Amino acid sequence: MQTKPVTAQEDDVTRLKRLVSRLGRQQAHIEVILACMSQGIALYDSHRLLLVANRRYMNIYGLREEMAVAGTPLDTIVQLRSDNDAYPAEEQADSAARYIAMTRGDTPSPQIFRLRDGRIISVNCHPLEGGGWLSTHDDITELWTLQREVEHMAFHDQLTDLANRRLLQSRLDAAGGEADNGHPSALILIDLDEFKAVNDSHGHMVGDELLQAVAGRLRDAAGADCLVARLGGDEFAILCAQADLESPAARAEHIVTALRKPYDVAGLELRIGASAGVALIEHGIDDTGRFIANADKALYTSKRTGKGCVTVFGS
């Protein structure tokens, strides 16, 4: 049986078919990879037209497939996100402007965007040779939340959730600078009276609950514009802007009076008191540690004079 010779044309057709088959398999593999990626991916050409976007990208912003087909202009995609309420209403315009600025290289990349449902998305734009860019969209909500929690723990007391010494010192440093610019503040130190007796009589669990109740009352009595901190044990500090105080002594008296009211803790009616020392944060003091030292001296005078007293340093 004689075999028919293969012509050059037939050989080219065979090679072309194999190439097309191989490219088809590669395309299928790329589609699988894009579909399985945890990142949202969007690829744009030099004319700012969408080339390809994966399903994760569309899911992040609530886009339907017909809203992100190849050839869709970037401005249309961004507008569709806004129309779909992807961003909080008050951040729609800013979010759209920041993203477009990133694609042009006018603002640093990556940028963090908050979505309307509370998710936090990190977006990065990678420029490509010949124009265009690849944008990646990462949902970092869990990482962001964990980071915020760690930062909060670093600056807040674990029992009462009040500010701790570290945060107070930072705010005192800032207050010292504000005082030099003509905006003085006041620092009030509070020491509880009769707290040790409650702790000894009813135990530390009741004592801890009482401290939490005191913390809540301090927040209410001090006001939203004041920083309330726990320094340790039963000692607290309150930093208030002088502009919010007609009289630091009067504010301290108000706080002490509020703390005298009975507490309902663990089915018990508990009564404690408080003494206070006040120091003004004025210009010309470089060592902010002196603010605490002055308030502490005033507090010592109050404790020595009699429980429930308020003393202003230097008065």
# chains A, B, ... in the order shown; residues from 1 in each chain; ligands from 1
$ select_by_dssp --residues "segment 88-132 of chain A" --states "strand (DSSP E)" --output "ChimeraX atom specification"
/A:111-114,120-127
$ write_last_selection --atoms "N, CA and C atoms" --output "CSV table (one decimal), in the first residue's frame"
chain,number,residue,atom,x,y,z
A,111,GLN,N,-4.0,52.2,47.5
A,111,GLN,CA,-4.9,53.0,48.3
A,111,GLN,C,-5.9,52.1,49.0
A,112,ILE,N,-6.4,52.6,50.1
A,112,ILE,CA,-7.4,51.8,50.9
A,112,ILE,C,-8.8,52.5,50.7
A,113,PHE,N,-9.8,51.6,50.3
A,113,PHE,CA,-11.1,52.1,50.1
A,113,PHE,C,-12.1,51.3,51.0
A,114,ARG,N,-13.0,52.1,51.6
A,114,ARG,CA,-14.1,51.5,52.5
A,114,ARG,C,-15.3,51.4,51.7
A,120,ILE,N,-13.1,46.5,53.8
A,120,ILE,CA,-12.0,47.4,53.5
A,120,ILE,C,-11.2,46.7,52.3
A,121,ILE,N,-11.0,47.5,51.2
A,121,ILE,CA,-10.4,47.0,50.0
A,121,ILE,C,-9.1,47.7,49.7
A,122,SER,N,-8.0,47.0,49.6
A,122,SER,CA,-6.7,47.6,49.2
A,122,SER,C,-6.6,47.4,47.7
A,123,VAL,N,-6.4,48.6,47.0
A,123,VAL,CA,-6.3,48.6,45.5
A,123,VAL,C,-4.9,49.0,45.1
A,124,ASN,N,-4.3,48.3,44.2
A,124,ASN,CA,-3.0,48.6,43.7
A,124,ASN,C,-3.1,48.6,42.2
A,125,CYS,N,-2.5,49.6,41.5
A,125,CYS,CA,-2.4,49.7,40.1
A,125,CYS,C,-1.0,49.5,39.6
A,126,HIS,N,-0.8,48.5,38.7
A,126,HIS,CA,0.5,48.2,38.2
A,126,HIS,C,0.6,48.6,36.8
A,127,PRO,N,1.4,49.7,36.5
A,127,PRO,CA,1.5,50.1,35.1
A,127,PRO,C,2.2,49.1,34.2
$ residues_around --residues "Leu167 of chain A" --least-positions-apart "2" --cutoff "9 Å" --atoms "only C-alpha atoms" --output "VMD selection string"
chain A and resid 154 to 156 163 to 165 169 to 172 229
$ closest_atom_pairs --of "segment 105-214 of chain A" --to "segment 74-79 of chain A" --cutoff "12 Å" --atoms "only C-alpha atoms" --output "tab-separated table"
residue	atom	partner	partner_atom	distance
A:Gly132	CA	A:Leu74	CA	11.0
A:Trp133	CA	A:Leu74	CA	11.3
A:Ser135	CA	A:Leu74	CA	11.5
$ write_last_selection --atoms "N, CA and C atoms" --output "PDB file, in the first residue's frame"
ATOM      1  N   GLY A 132      -1.554  51.270  29.695  1.00  0.00           N
ATOM      2  CA  GLY A 132      -2.472  50.380  30.384  1.00  0.00           C
ATOM      3  C   GLY A 132      -1.951  50.004  31.759  1.00  0.00           C
ATOM      4  N   TRP A 133      -2.743  49.249  32.483  1.00  0.00           N
ATOM      5  CA  TRP A 133      -2.356  48.846  33.824  1.00  0.00           C
ATOM      6  C   TRP A 133      -3.174  47.641  34.271  1.00  0.00           C
ATOM      7  N   SER A 135      -4.949  46.307  37.678  1.00  0.00           N
ATOM      8  CA  SER A 135      -5.343  46.690  39.038  1.00  0.00           C
ATOM      9  C   SER A 135      -5.707  45.433  39.820  1.00  0.00           C
TER      10      SER A 135
END
$ residues_around --residues "Leu280 of chain A" --least-positions-apart "4" --cutoff "7 Å" --atoms "only C-alpha atoms" --output "compact mmCIF listing (two decimals) with C-alpha atoms, in the first residue's frame"
# COMPACT_ATOMS: atom_id res chain seq x y z
CA SER A 185 -5.68 72.75 78.73
CA ALA A 186 -6.36 71.28 82.16
CA LEU A 187 -5.33 67.94 83.62
$ residues_around --residues "Ala266 of chain A" --least-positions-apart "4" --cutoff "10 Å" --atoms "only C-alpha atoms" --output "NGL selection string"
:A and (202 or 205-206 or 209-210 or 270)
$ residues_around --residues "Gly118 of chain A" --least-positions-apart "3" --cutoff "12 Å" --atoms "only C-alpha atoms" --output "list in words"
Ile60, Ala86, Tyr87, Pro88, Phe113, Arg114, Leu115, Ile121, Asp139, Ile140, Thr141, Glu142, Trp144 and Thr145 of chain A
$ residues_around --residues "Gly207 of chain A" --least-positions-apart "3" --cutoff "10 Å" --atoms "only C-alpha atoms" --output "JSON, numbers by chain"
{"A": [195, 196, 197, 198, 199, 200, 201, 202, 203, 204, 210, 211, 212, 213, 234, 265]}
$ atom_distance --atom1 "atom CA of Ser109 of chain A" --atom2 "atom CA of His137 of chain A"
11.6 Å
$ residues_around --residues "segment 219-227 of chain A" --least-positions-apart "3" --cutoff "7 Å" --atoms "only C-alpha atoms" --output "PyMOL selection string"
chain A and resi 215-216+238-240+255+258
$ atom_distance --atom1 "atom CA of Val214 of chain A" --atom2 "atom CA of Gln158 of chain A"
14.5 Å
$ closest_residue --among "A:Gln147, A:Gly182, A:Gly314, A:Arg116" --to "Ser95 of chain A" --atoms "only C-alpha atoms"
A:Arg116
$ closest_residue --among "A:Arg119, A:Arg56, A:His283, A:Arg217" --to "His254 of chain A" --atoms "only C-alpha atoms"
A:Arg217
$ select_by_dssp --residues "segment 190-247 of chain A" --states "alpha helix (DSSP H)" --output "MDAnalysis selection string"
chainID A and resid 195:202 204:222
$ atom_distance --atom1 "atom CA of Thr305 of chain A" --atom2 "atom CA of Asp191 of chain A"
13.6 Å
